[in-house]
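Enquirer: File follows, protein17.csv with CSV, C-alpha atoms and all ligand atoms:
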```
chain,number,residue,atom,x,y,z
Q,168,SER,CA,-56.6,-62.2,6.1
Q,169,ALA,CA,-57.1,-59.1,8.2
Q,170,PRO,CA,-60.1,-56.9,7.3
Q,171,TYR,CA,-59.2,-53.8,5.2
Q,172,ILE,CA,-61.7,-51.7,7.1
Q,173,TYR,CA,-63.3,-51.8,10.5
Q,174,LEU,CA,-65.7,-50.0,12.8
Q,175,PHE,CA,-63.6,-47.7,15.0
Q,176,GLN,CA,-65.1,-45.1,17.2
Q,177,ASP,CA,-68.4,-45.4,15.3
Q,178,PHE,CA,-67.0,-44.9,11.9
Q,179,TRP,CA,-65.6,-47.3,9.2
Q,180,CYS,CA,-61.9,-46.6,9.3
Q,181,PRO,CA,-59.6,-48.2,6.7
Q,182,THR,CA,-57.3,-50.4,8.7
Q,183,VAL,CA,-54.2,-48.7,7.4
Q,184,TYR,CA,-55.3,-45.4,9.0
Q,185,VAL,CA,-56.4,-46.5,12.4
Q,186,GLU,CA,-53.1,-46.0,14.1
Q,187,GLY,CA,-52.6,-42.7,12.2
Q,188,VAL,CA,-56.1,-41.4,13.4
Q,189,ASN,CA,-55.2,-42.4,16.9
Q,190,LYS,CA,-51.9,-40.5,16.8
Q,191,PHE,CA,-53.6,-37.5,15.3
Q,192,GLN,CA,-56.1,-37.5,18.1
Q,193,LYS,CA,-53.4,-37.8,20.7
Q,194,HIS,CA,-50.7,-35.5,19.4
Q,195,PHE,CA,-52.2,-32.9,17.2
Q,196,ASP,CA,-52.1,-29.4,18.7
Q,197,ALA,CA,-54.6,-27.1,17.1
Q,198,LYS,CA,-54.0,-23.4,16.9
Q,199,GLU,CA,-56.8,-20.9,17.3
Q,200,ASN,CA,-56.4,-19.7,13.7
Q,201,ASP,CA,-56.2,-23.1,12.0
Q,202,VAL,CA,-58.5,-23.7,9.1
Q,203,PHE,CA,-59.7,-27.3,8.3
Q,204,VAL,CA,-61.1,-28.4,5.0
Q,205,ALA,CA,-63.3,-31.4,6.1
Q,206,SER,CA,-65.2,-33.8,3.9
Q,207,PHE,CA,-66.3,-37.3,3.2
Q,208,PRO,CA,-64.0,-38.6,0.5
Q,209,LYS,CA,-64.9,-37.7,-3.1
Q,210,SER,CA,-67.1,-34.8,-2.3
Q,211,GLY,CA,-65.0,-32.0,-3.8
Q,212,THR,CA,-62.2,-31.8,-1.3
Q,213,THR,CA,-59.5,-31.1,-3.9
Q,214,TRP,CA,-61.4,-28.2,-5.3
Q,215,LEU,CA,-62.3,-26.7,-1.9
Q,216,LYS,CA,-58.6,-27.0,-0.8
Q,217,ALA,CA,-57.5,-25.1,-3.9
Q,218,LEU,CA,-60.2,-22.4,-3.4
Q,219,THR,CA,-59.4,-22.0,0.3
Q,220,PHE,CA,-55.6,-21.8,-0.3
Q,221,ALA,CA,-56.1,-19.2,-3.0
Q,222,ILE,CA,-58.5,-17.1,-0.8
Q,223,VAL,CA,-56.3,-17.2,2.2
Q,224,ASN,CA,-53.1,-16.3,0.3
Q,225,HIS,CA,-54.6,-13.9,-2.2
Q,226,GLN,CA,-52.5,-11.0,-1.0
Q,227,GLN,CA,-49.2,-12.9,-1.0
Q,228,PHE,CA,-49.7,-14.3,-4.5
Q,229,SER,CA,-51.5,-11.5,-6.2
Q,230,SER,CA,-49.9,-12.5,-9.5
Q,231,PHE,CA,-51.9,-15.4,-10.8
Q,232,ASP,CA,-49.1,-16.3,-13.2
Q,233,HIS,CA,-46.7,-17.7,-10.6
Q,234,HIS,CA,-49.2,-19.1,-8.2
Q,235,PRO,CA,-48.3,-22.2,-6.1
Q,236,LEU,CA,-51.5,-23.9,-7.3
Q,237,LEU,CA,-50.0,-23.9,-10.8
Q,238,SER,CA,-47.1,-26.1,-9.7
Q,239,SER,CA,-48.4,-28.0,-6.7
Q,240,ASN,CA,-51.4,-30.3,-6.1
Q,241,PRO,CA,-53.9,-28.9,-3.6
Q,242,HIS,CA,-53.2,-31.9,-1.3
Q,243,GLU,CA,-49.6,-30.9,-1.0
Q,244,LEU,CA,-50.5,-27.3,-0.2
Q,245,VAL,CA,-53.3,-28.3,2.2
Q,246,PRO,CA,-52.2,-31.6,3.6
Q,247,PHE,CA,-54.1,-34.2,5.6
Q,248,PRO,CA,-52.5,-34.7,9.1
Q,249,GLU,CA,-54.2,-38.1,9.6
Q,250,PHE,CA,-52.3,-39.4,6.6
Q,251,MET,CA,-49.0,-37.9,7.8
Q,252,TYR,CA,-49.5,-39.8,11.0
Q,253,SER,CA,-50.6,-43.0,9.2
Q,254,TYR,CA,-47.7,-43.1,6.8
Q,255,ASP,CA,-45.2,-42.0,9.6
Q,256,LEU,CA,-44.1,-38.9,7.6
Q,257,HIS,CA,-42.1,-37.5,10.5
Q,258,ASP,CA,-40.6,-34.6,8.6
Q,259,GLN,CA,-44.1,-33.4,7.6
Q,260,ILE,CA,-45.5,-34.0,11.2
Q,261,LEU,CA,-42.6,-31.8,12.5
Q,262,SER,CA,-43.1,-29.1,10.0
Q,263,LEU,CA,-46.8,-28.8,11.0
Q,264,SER,CA,-45.7,-26.7,14.0
Q,265,ASN,CA,-44.0,-24.1,11.8
Q,266,MET,CA,-46.3,-23.9,8.8
Q,267,SER,CA,-47.2,-20.3,8.0
Q,268,GLU,CA,-50.4,-19.1,9.7
Q,269,PRO,CA,-53.3,-19.5,9.3
Q,270,ARG,CA,-52.4,-23.2,8.8
Q,271,LEU,CA,-54.6,-24.8,6.2
Q,272,LEU,CA,-55.2,-28.6,6.7
Q,273,GLY,CA,-57.5,-31.2,5.5
Q,274,THR,CA,-59.4,-34.1,7.2
Q,275,HIS,CA,-61.8,-36.9,6.3
Q,276,ILE,CA,-62.4,-37.7,10.0
Q,277,PRO,CA,-66.0,-37.5,11.2
Q,278,LEU,CA,-66.7,-34.7,13.6
Q,279,PRO,CA,-67.0,-36.7,16.8
Q,280,SER,CA,-63.6,-38.3,16.2
Q,281,LEU,CA,-61.7,-35.2,15.5
Q,282,PRO,CA,-58.8,-34.5,17.9
Q,283,GLU,CA,-60.3,-32.7,20.9
Q,284,SER,CA,-57.9,-29.8,20.4
Q,285,ILE,CA,-59.7,-29.0,17.1
Q,286,THR,CA,-63.2,-29.2,18.5
Q,287,LYS,CA,-62.3,-27.3,21.7
Q,288,SER,CA,-60.3,-24.5,20.0
Q,289,ASN,CA,-61.7,-21.6,17.9
Q,290,CYS,CA,-60.3,-23.0,14.7
Q,291,LYS,CA,-62.5,-23.0,11.7
Q,292,ILE,CA,-63.8,-25.9,9.6
Q,293,ILE,CA,-65.1,-25.6,6.1
Q,294,TYR,CA,-67.1,-28.7,5.2
Q,295,ILE,CA,-68.0,-29.9,1.7
Q,296,CYS,CA,-70.4,-32.7,0.8
Q,297,ARG,CA,-72.0,-33.9,-2.3
Q,298,ASN,CA,-75.1,-35.9,-3.2
Q,299,PRO,CA,-74.6,-39.5,-2.1
Q,300,PHE,CA,-75.2,-40.9,-5.6
Q,301,ASP,CA,-72.3,-38.9,-7.3
Q,302,THR,CA,-70.1,-39.4,-4.2
Q,303,PHE,CA,-70.5,-43.2,-4.6
Q,304,VAL,CA,-69.7,-43.2,-8.3
Q,305,SER,CA,-66.7,-40.9,-7.8
Q,306,ALA,CA,-65.4,-43.2,-5.0
Q,307,TRP,CA,-66.0,-46.3,-7.1
Q,308,GLU,CA,-63.9,-44.9,-10.0
Q,309,PHE,CA,-61.2,-43.6,-7.6
Q,310,PHE,CA,-60.7,-46.7,-5.6
Q,311,THR,CA,-60.8,-48.9,-8.7
Q,312,LYS,CA,-57.9,-46.9,-10.1
Q,313,MET,CA,-56.0,-47.0,-6.9
Q,314,LYS,CA,-55.3,-50.7,-7.1
Q,315,SER,CA,-53.9,-50.7,-3.6
Q,316,GLU,CA,-53.1,-54.0,-2.0
Q,317,SER,CA,-54.9,-53.0,1.1
Q,318,LEU,CA,-58.2,-52.6,-0.8
Q,319,PRO,CA,-60.5,-55.5,-1.8
Q,320,ASP,CA,-61.4,-56.0,-5.5
Q,321,LEU,CA,-65.1,-55.2,-5.4
Q,322,THR,CA,-67.6,-55.1,-8.3
Q,323,LEU,CA,-69.8,-52.0,-8.6
Q,324,GLU,CA,-72.7,-54.0,-7.1
Q,325,GLU,CA,-70.6,-55.3,-4.1
Q,326,ALA,CA,-69.2,-51.8,-3.4
Q,327,PHE,CA,-72.8,-50.4,-3.6
Q,328,GLU,CA,-74.1,-53.0,-1.1
Q,329,LYS,CA,-71.4,-52.0,1.3
Q,330,TYR,CA,-72.0,-48.3,0.8
Q,331,CYS,CA,-75.7,-48.8,1.5
Q,332,ASN,CA,-74.7,-50.5,4.8
Q,333,GLY,CA,-72.5,-47.5,5.6
Q,334,ILE,CA,-69.3,-49.3,4.8
Q,335,MET,CA,-66.9,-47.1,3.0
Q,336,GLY,CA,-63.8,-45.4,4.4
Q,337,PHE,CA,-64.9,-42.7,7.0
Q,338,GLY,CA,-68.5,-43.7,6.6
Q,339,PRO,CA,-71.4,-44.2,7.0
Q,340,TRP,CA,-71.8,-41.3,4.6
Q,341,TRP,CA,-75.0,-40.1,6.3
Q,342,SER,CA,-73.4,-40.0,9.8
Q,343,HIS,CA,-70.4,-38.0,8.4
Q,344,VAL,CA,-72.6,-35.4,6.7
Q,345,LEU,CA,-75.1,-35.1,9.5
Q,346,GLY,CA,-72.5,-34.7,12.2
Q,347,TYR,CA,-71.0,-31.6,10.4
Q,348,TRP,CA,-74.4,-30.4,9.3
Q,349,LYS,CA,-75.7,-30.2,12.9
Q,350,GLU,CA,-72.5,-28.5,14.2
Q,351,SER,CA,-72.8,-25.9,11.4
Q,352,LEU,CA,-76.3,-25.1,12.7
Q,353,THR,CA,-75.3,-24.7,16.3
Q,354,ARG,CA,-71.9,-23.2,15.7
Q,355,PRO,CA,-72.1,-21.3,12.4
Q,356,ASP,CA,-68.9,-19.3,13.3
Q,357,LYS,CA,-67.0,-22.6,13.6
Q,358,VAL,CA,-68.4,-24.7,10.7
Q,359,LEU,CA,-69.2,-23.5,7.2
Q,360,PHE,CA,-71.3,-26.2,5.5
Q,361,LEU,CA,-71.0,-26.3,1.7
Q,362,LYS,CA,-72.4,-28.6,-1.0
Q,363,TYR,CA,-70.5,-29.5,-4.2
Q,364,GLU,CA,-73.6,-28.9,-6.3
Q,365,ASP,CA,-74.1,-25.4,-5.0
Q,366,LEU,CA,-70.5,-24.6,-5.5
Q,367,LYS,CA,-70.7,-25.7,-9.1
Q,368,GLU,CA,-73.9,-23.8,-9.8
Q,369,ASP,CA,-73.2,-20.5,-8.2
Q,370,THR,CA,-69.5,-20.5,-7.7
Q,371,ILE,CA,-69.1,-16.7,-7.1
Q,372,PHE,CA,-71.7,-16.6,-4.4
Q,373,HIS,CA,-70.2,-19.6,-2.5
Q,374,VAL,CA,-66.6,-18.6,-2.9
Q,375,LYS,CA,-67.6,-15.2,-1.4
Q,376,ARG,CA,-69.2,-17.1,1.5
Q,377,ILE,CA,-65.9,-18.9,2.1
Q,378,ALA,CA,-64.0,-15.6,2.0
Q,379,ASP,CA,-66.4,-13.9,4.4
Q,380,PHE,CA,-66.2,-16.9,6.8
Q,381,LEU,CA,-62.4,-16.6,6.8
Q,382,ASP,CA,-62.4,-12.8,6.8
Q,383,SER,CA,-61.0,-12.4,10.3
Q,384,LEU,CA,-58.0,-14.6,9.4
Q,385,ILE,CA,-57.1,-12.8,6.2
Q,386,THR,CA,-55.0,-9.7,6.3
Q,387,GLN,CA,-56.7,-7.0,4.2
Q,388,GLY,CA,-59.8,-9.0,3.5
Q,389,GLY,CA,-62.6,-7.6,1.4
Q,390,GLU,CA,-61.6,-9.4,-1.7
Q,391,SER,CA,-62.9,-7.6,-4.8
Q,392,THR,CA,-65.1,-9.4,-7.3
Q,393,THR,CA,-62.1,-9.4,-9.7
Q,394,VAL,CA,-59.9,-11.3,-7.2
Q,395,ILE,CA,-62.7,-13.8,-6.6
Q,396,GLU,CA,-63.2,-14.3,-10.3
Q,397,ASN,CA,-59.4,-14.9,-10.8
Q,398,ILE,CA,-59.4,-17.4,-7.9
Q,399,ILE,CA,-62.3,-19.3,-9.5
Q,400,ARG,CA,-60.5,-19.4,-12.8
Q,401,LEU,CA,-57.3,-20.6,-11.2
Q,402,CYS,CA,-59.2,-23.4,-9.5
Q,403,GLY,CA,-61.4,-24.4,-12.5
Q,404,PHE,CA,-61.7,-28.1,-13.2
Q,405,GLU,CA,-60.2,-28.0,-16.7
Q,406,LYS,CA,-57.5,-25.6,-15.7
Q,407,MET,CA,-56.4,-27.8,-12.8
Q,408,LYS,CA,-56.7,-31.1,-14.7
Q,409,ASP,CA,-54.4,-29.8,-17.4
Q,410,LEU,CA,-51.6,-28.7,-15.2
Q,411,GLU,CA,-48.4,-30.8,-15.5
Q,412,VAL,CA,-48.3,-31.4,-11.7
Q,413,ASN,CA,-51.8,-32.9,-11.8
Q,414,LYS,CA,-51.1,-35.0,-14.8
Q,415,SER,CA,-48.0,-36.7,-13.6
Q,416,GLY,CA,-47.5,-36.2,-9.9
Q,417,ARG,CA,-48.3,-38.6,-7.0
Q,418,ILE,CA,-49.4,-38.2,-3.4
Q,419,PHE,CA,-48.2,-40.5,-0.7
Q,420,ASP,CA,-46.8,-42.8,-3.4
Q,421,VAL,CA,-50.2,-44.6,-3.5
Q,422,VAL,CA,-52.4,-42.0,-5.4
Q,423,GLU,CA,-51.7,-40.5,-8.8
Q,424,ASN,CA,-52.7,-36.8,-8.8
Q,425,LYS,CA,-54.7,-37.2,-12.0
Q,426,THR,CA,-57.2,-39.5,-10.3
Q,427,PHE,CA,-58.5,-36.5,-8.4
Q,428,PHE,CA,-59.7,-35.0,-11.6
Q,429,ARG,CA,-62.2,-37.2,-13.4
Q,430,LYS,CA,-65.4,-35.5,-14.8
Q,431,GLY,CA,-66.4,-32.9,-12.2
Q,432,GLU,CA,-70.1,-33.1,-13.0
Q,433,ILE,CA,-73.4,-33.3,-11.3
Q,434,GLY,CA,-75.4,-36.4,-12.3
Q,435,ASP,CA,-72.8,-38.8,-13.7
Q,436,TRP,CA,-74.4,-41.4,-11.4
Q,437,MET,CA,-77.1,-41.8,-14.0
Q,438,ASN,CA,-74.6,-43.7,-16.1
Q,439,TYR,CA,-74.0,-46.2,-13.4
Q,440,PHE,CA,-77.2,-46.7,-11.4
Q,441,SER,CA,-79.9,-49.3,-12.2
Q,442,PRO,CA,-83.5,-48.6,-11.3
Q,443,SER,CA,-83.2,-50.9,-8.2
Q,444,MET,CA,-80.0,-49.1,-7.1
Q,445,ILE,CA,-81.8,-45.8,-7.4
Q,446,GLU,CA,-84.7,-47.1,-5.4
Q,447,LYS,CA,-82.6,-48.6,-2.7
Q,448,LEU,CA,-80.3,-45.7,-2.0
Q,449,SER,CA,-83.1,-43.1,-2.3
Q,450,LYS,CA,-85.0,-44.9,0.5
Q,451,ILE,CA,-82.0,-45.1,2.7
Q,452,ILE,CA,-81.2,-41.4,2.2
Q,453,GLU,CA,-84.8,-40.4,2.8
Q,454,GLU,CA,-84.8,-42.4,6.0
Q,455,LYS,CA,-81.4,-41.1,7.3
Q,456,LEU,CA,-81.7,-37.4,6.3
Q,457,GLY,CA,-85.5,-37.1,6.9
Q,458,GLY,CA,-86.3,-34.2,9.3
Q,459,SER,CA,-82.7,-32.9,9.2
Q,460,GLY,CA,-83.4,-30.1,6.8
Q,461,LEU,CA,-80.6,-31.3,4.6
Q,462,SER,CA,-81.2,-32.1,1.0
Q,463,PHE,CA,-79.3,-32.4,-2.3
Q,464,LYS,CA,-79.4,-31.8,-6.0
Q,465,TYR,CA,-79.0,-34.9,-8.1
Q,466,VAL,CA,-79.1,-33.4,-11.6
Q,467,THR,CA,-78.0,-30.1,-13.1
Q,468,THR,CA,-80.7,-27.6,-13.2
Z,501,LIG,P1,-65.9,-37.0,-10.2
Z,501,LIG,O1,-65.2,-38.3,-9.9
Z,501,LIG,O2,-67.3,-37.1,-10.2
Z,501,LIG,O3,-65.4,-36.4,-11.5
Z,501,LIG,P2,-62.3,-35.2,-3.9
Z,501,LIG,O4,-61.5,-34.0,-4.3
Z,501,LIG,O5,-63.1,-35.1,-2.6
Z,501,LIG,O6,-61.5,-36.5,-4.0
Z,501,LIG,O7,-63.5,-35.3,-5.0
Z,501,LIG,C1,-63.2,-35.6,-6.3
Z,501,LIG,C2,-64.3,-35.2,-7.2
Z,501,LIG,O8,-64.2,-33.7,-7.4
Z,501,LIG,C3,-64.1,-35.8,-8.6
Z,501,LIG,O9,-65.5,-36.0,-9.1
Z,501,LIG,C4,-63.4,-34.7,-9.3
Z,501,LIG,O10,-63.5,-34.8,-10.7
Z,501,LIG,C5,-64.0,-33.4,-8.8
Z,501,LIG,N1,-63.1,-32.3,-8.9
Z,501,LIG,C6,-61.8,-32.2,-8.7
Z,501,LIG,N2,-61.3,-31.0,-8.9
Z,501,LIG,C7,-62.4,-30.2,-9.3
Z,501,LIG,C8,-62.5,-28.8,-9.6
Z,501,LIG,N3,-61.5,-28.0,-9.7
Z,501,LIG,N4,-63.8,-28.4,-9.9
Z,501,LIG,C9,-64.9,-29.2,-9.9
Z,501,LIG,N5,-64.8,-30.5,-9.5
Z,501,LIG,C10,-63.6,-31.0,-9.2
```
Take the structure in the file and give it back as structure tokens.
Ligand code: A3P

Expert:
Amino acid sequence: SAPYIYLFQDFWCPTVYVEGVNKFQKHFDAKENDVFVASFPKSGTTWLKALTFAIVNHQQFSSFDHHPLLSSNPHELVPFPEFMYSYDLHDQILSLSNMSEPRLLGTHIPLPSLPESITKSNCKIIYICRNPFDTFVSAWEFFTKMKSESLPDLTLEEAFEKYCNGIMGFGPWWSHVLGYWKESLTRPDKVLFLKYEDLKEDTIFHVKRIADFLDSLITQGGESTTVIENIIRLCGFEKMKDLEVNKSGRIFDVVENKTFFRKGEIGDWMNYFSPSMIEKLSKIIEEKLGGSGLSFKYVTT
């Protein structure tokens, strides 16, 4: 049978998305004021999409009682163009050109494979990553629940071996993270680099960073602390998980919205990793990230 994933332009692309990624690269027309939420899967994308949407639209939806985030999943409000192209969602592709501006979009594509129109324009990218241990566990739980026919049935150990070899959709994890990390150092006006653990541990500070980064795109910026606090409450894990839309809805037919909200913790990997797994992945990460200046928190402090 055909492989479910293969190495395409230096990253492991799930076979079902290869054509979509190609079309995205060829046809997507970035606007100067676009905002992309970029991530390796299972790093906190859903949360960052919600926060970004709430920040950018805070004037328009100043009443938090009737906010779109209460009735729509963040992946509907901030969609992934690469999946629109992969699933041939022509109506959605067409509607990209008249989305209200600034357009908010998501992507899992590694930086070197983004459409040129994104890298060459002044549009902004907010990147989120998460320690590689929790990212792996979150992915393992997510893909096990997806039960898609295009995915192989892997044991935790088999999935881990592949992950250590860089093989997971949009991986290797380290290349993905390092690509955006380096860009954020050379072009801090273009890429804001965030970590899930930081966002969890000092939410106000990092949400303010997002607001400052997007300030030029938001009419009447200068969000007050009260606005920021309301946004954080609106996007809180328990709050979002309990919404009807996130309990029962689906995205692209293949994913149930509820699978995006599992535990939302730092350190759940400890319930999954054996001592030899810890040793193996620690060594790889040390080797890959060494000298980059990039490091992660693995447990709650
Ligand atoms: P866990 O599986 O560890 O619980 P992504 O959005 O990139 O798919 O990442 C999913 C991870 O983010 C899941 O982690 C999920 O529980 C967590 N998550 C989703 N919404 C969140 C929120 N509002 N706040 C904090 N974490 C959230």

Enquirer: Which chain Q residues have any atom within 6 Å of an atom of ligand LIG 501 (chain Z), and for each, what is the nearest pair of atoms with distance in Å to one decimal, counting all atoms listed in the file, rows sorted by chain and number, as CSV?

Expert:
```
residue,atom,partner,partner_atom,distance
Q:Pro208,CA,Z:LIG501,O5,4.8
Q:Lys209,CA,Z:LIG501,O5,3.2
Q:Ser210,CA,Z:LIG501,O5,4.0
Q:Gly211,CA,Z:LIG501,O7,3.8
Q:Thr212,CA,Z:LIG501,O5,3.7
Q:Thr213,CA,Z:LIG501,O4,3.5
Q:Trp214,CA,Z:LIG501,N3,4.4
Q:Ser305,CA,Z:LIG501,O1,3.7
Q:Cys402,CA,Z:LIG501,N3,5.1
Q:Gly403,CA,Z:LIG501,N3,4.6
Q:Phe404,CA,Z:LIG501,N3,3.5
Q:Met407,CA,Z:LIG501,N3,6.0
Q:Phe427,CA,Z:LIG501,C1,5.2
Q:Phe428,CA,Z:LIG501,O10,3.9
Q:Arg429,CA,Z:LIG501,O3,3.8
Q:Lys430,CA,Z:LIG501,O3,3.4
Q:Gly431,CA,Z:LIG501,O3,3.7
Q:Glu432,CA,Z:LIG501,O2,5.6
```

Enquirer: Around (-72.5, -35.9, -15.4), as given in the file, which residues come within 12 Å? Count only C-alpha atoms and list them as a list in words.

Expert: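 Neighbouring residues, ordered by chain and number, come to Phe300, Asp301, Thr302, Val304, Ser305, Glu364, Arg429, Lys430, Gly431, Glu432, Ile433, Gly434, Asp435, Trp436, Met437, Asn438, Tyr439, Tyr465, Val466, Thr467 and Thr468 of chain Q.
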
Enquirer: Please produce a file of the residues just selected, as an mmCIF file, keeping the file's coordinate frame, where the atoms kept are C-alpha atoms.

Expert:
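Output file again_4.cif follows:
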```
data_model
loop_
_atom_site.group_PDB
_atom_site.id
_atom_site.type_symbol
_atom_site.label_atom_id
_atom_site.label_comp_id
_atom_site.auth_asym_id
_atom_site.auth_seq_id
_atom_site.Cartn_x
_atom_site.Cartn_y
_atom_site.Cartn_z
ATOM 1 C CA PHE Q 300 -75.200 -40.900 -5.600
ATOM 2 C CA ASP Q 301 -72.300 -38.900 -7.300
ATOM 3 C CA THR Q 302 -70.100 -39.400 -4.200
ATOM 4 C CA VAL Q 304 -69.700 -43.200 -8.300
ATOM 5 C CA SER Q 305 -66.700 -40.900 -7.800
ATOM 6 C CA GLU Q 364 -73.600 -28.900 -6.300
ATOM 7 C CA ARG Q 429 -62.200 -37.200 -13.400
ATOM 8 C CA LYS Q 430 -65.400 -35.500 -14.800
ATOM 9 C CA GLY Q 431 -66.400 -32.900 -12.200
ATOM 10 C CA GLU Q 432 -70.100 -33.100 -13.000
ATOM 11 C CA ILE Q 433 -73.400 -33.300 -11.300
ATOM 12 C CA GLY Q 434 -75.400 -36.400 -12.300
ATOM 13 C CA ASP Q 435 -72.800 -38.800 -13.700
ATOM 14 C CA TRP Q 436 -74.400 -41.400 -11.400
ATOM 15 C CA MET Q 437 -77.100 -41.800 -14.000
ATOM 16 C CA ASN Q 438 -74.600 -43.700 -16.100
ATOM 17 C CA TYR Q 439 -74.000 -46.200 -13.400
ATOM 18 C CA TYR Q 465 -79.000 -34.900 -8.100
ATOM 19 C CA VAL Q 466 -79.100 -33.400 -11.600
ATOM 20 C CA THR Q 467 -78.000 -30.100 -13.100
ATOM 21 C CA THR Q 468 -80.700 -27.600 -13.200
#
```

Enquirer: Which residue is closest to Ile293 (chain Q)? Choose from Q:Phe337, Q:Phe360, Q:Phe440, Q:Trp179 and count all atoms listed in the file.

Expert: Q:Phe360

Enquirer: Given the choices Q:Lys216, Q:His373, Q:Lys287, Q:His194, which gets closest to Ser239 (chain Q) if the distance is worked out from only C-alpha atoms?

Expert: Q:Lys216

Enquirer: What is the distance, in Å and to one decimal place, between CA of Glu243 (chain Q) and CA of Asn413 (chain Q)?

Expert: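 Rounded to one decimal, the two atoms are 11.2 Å apart.
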
Enquirer: Pick out the residues sitting within 12 Å of Leu261 (chain Q), and hand them over as a list in words; count all atoms listed in the file, and ignore anything fewer than 2 positions along from it in its own chain.

Expert: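 Surrounding residues, per the criterion: His194, Phe195, Asp196, Pro248, Met251, Tyr252, Asp255, Leu256, His257, Asp258, Gln259, Leu263, Ser264, Asn265 and Met266 of chain Q.
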
Enquirer: Set the distance at 9 Å and use all atoms listed in the file: which residues neighbour region 225-230 of chain Q once local chain neighbours fewer than 2 positions away are removed? I'd like the list as a CSV table (one decimal) with C-alpha atoms, keeping the file's coordinate frame.

Expert:
```csv
chain,number,residue,atom,x,y,z
Q,220,PHE,CA,-55.6,-21.8,-0.3
Q,221,ALA,CA,-56.1,-19.2,-3.0
Q,222,ILE,CA,-58.5,-17.1,-0.8
Q,223,VAL,CA,-56.3,-17.2,2.2
Q,232,ASP,CA,-49.1,-16.3,-13.2
Q,233,HIS,CA,-46.7,-17.7,-10.6
Q,234,HIS,CA,-49.2,-19.1,-8.2
Q,235,PRO,CA,-48.3,-22.2,-6.1
Q,385,ILE,CA,-57.1,-12.8,6.2
Q,386,THR,CA,-55.0,-9.7,6.3
Q,387,GLN,CA,-56.7,-7.0,4.2
Q,388,GLY,CA,-59.8,-9.0,3.5
Q,390,GLU,CA,-61.6,-9.4,-1.7
Q,394,VAL,CA,-59.9,-11.3,-7.2
Q,398,ILE,CA,-59.4,-17.4,-7.9
```

Enquirer: Please compute the CA of Leu359 (chain Q)-CA of Ile334 (chain Q) distance, one decimal, in Å.

Expert: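 Taking CA of Leu359 (chain Q) and CA of Ile334 (chain Q), their separation equals 25.9 Å.
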
Enquirer: Return the single residue from Q:Pro355, Q:Gly273, Q:Pro181, Q:Gly336 that is closest to Ala217 (chain Q), with distances computed using only C-alpha atoms.

Expert: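 Of Q:Pro355, Q:Gly273, Q:Pro181, Q:Gly336, the one nearest Ala217 (chain Q), counting only C-alpha atoms, is Q:Gly273.
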
Enquirer: Quote the spacing between CA of Thr286 (chain Q) and CA of Phe247 (chain Q) in Å to one decimal place.

Expert: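 Pair CA of Thr286 (chain Q) / CA of Phe247 (chain Q) returns 16.6 Å.
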
Enquirer: Go through Q:Ser443, Q:Ser206, Q:Thr370, Q:Gln176 one by one, measure the shortest atom-to-atom distance of each to Trp340 (chain Q) using all atoms listed in the file, and give the residue with the smallest value.

Expert: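 Once distances to Trp340 (chain Q) are computed over all atoms listed in the file, the minimum belongs to Q:Ser206.
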
Enquirer: Once you count only C-alpha atoms, which residues end up no further than 6 Å from (-63.6, -35.9, 6.5) in the file's frame, shown as JSON, numbers by chain?

Expert: {"Q": [205, 206, 207, 274, 275, 276, 277]}

Enquirer: Could you please take those selected residues and save C-alpha atoms as a compact mmCIF listing (two decimals), in the coordinates of the input?

Expert:
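Produced file out-v9.txt, reproduced below:
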```
# COMPACT_ATOMS: atom_id res chain seq x y z
CA ALA Q 205 -63.30 -31.40 6.10
CA SER Q 206 -65.20 -33.80 3.90
CA PHE Q 207 -66.30 -37.30 3.20
CA THR Q 274 -59.40 -34.10 7.20
CA HIS Q 275 -61.80 -36.90 6.30
CA ILE Q 276 -62.40 -37.70 10.00
CA PRO Q 277 -66.00 -37.50 11.20
```

Enquirer: Return the single residue from Q:Val183, Q:Ile292, Q:Asp177, Q:Ser280 that is closest to Glu199 (chain Q), with distances computed using all atoms listed in the file.

Expert: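 Closest residue, counting all atoms listed in the file: Q:Ile292.
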
Enquirer: Considering all atoms listed in the file, state which residue in the set Q:Val185, Q:Cys296, Q:Met313, Q:Leu321 is at the smallest distance from Asp365 (chain Q).

Expert: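 Nearest to Asp365 (chain Q): Q:Cys296.
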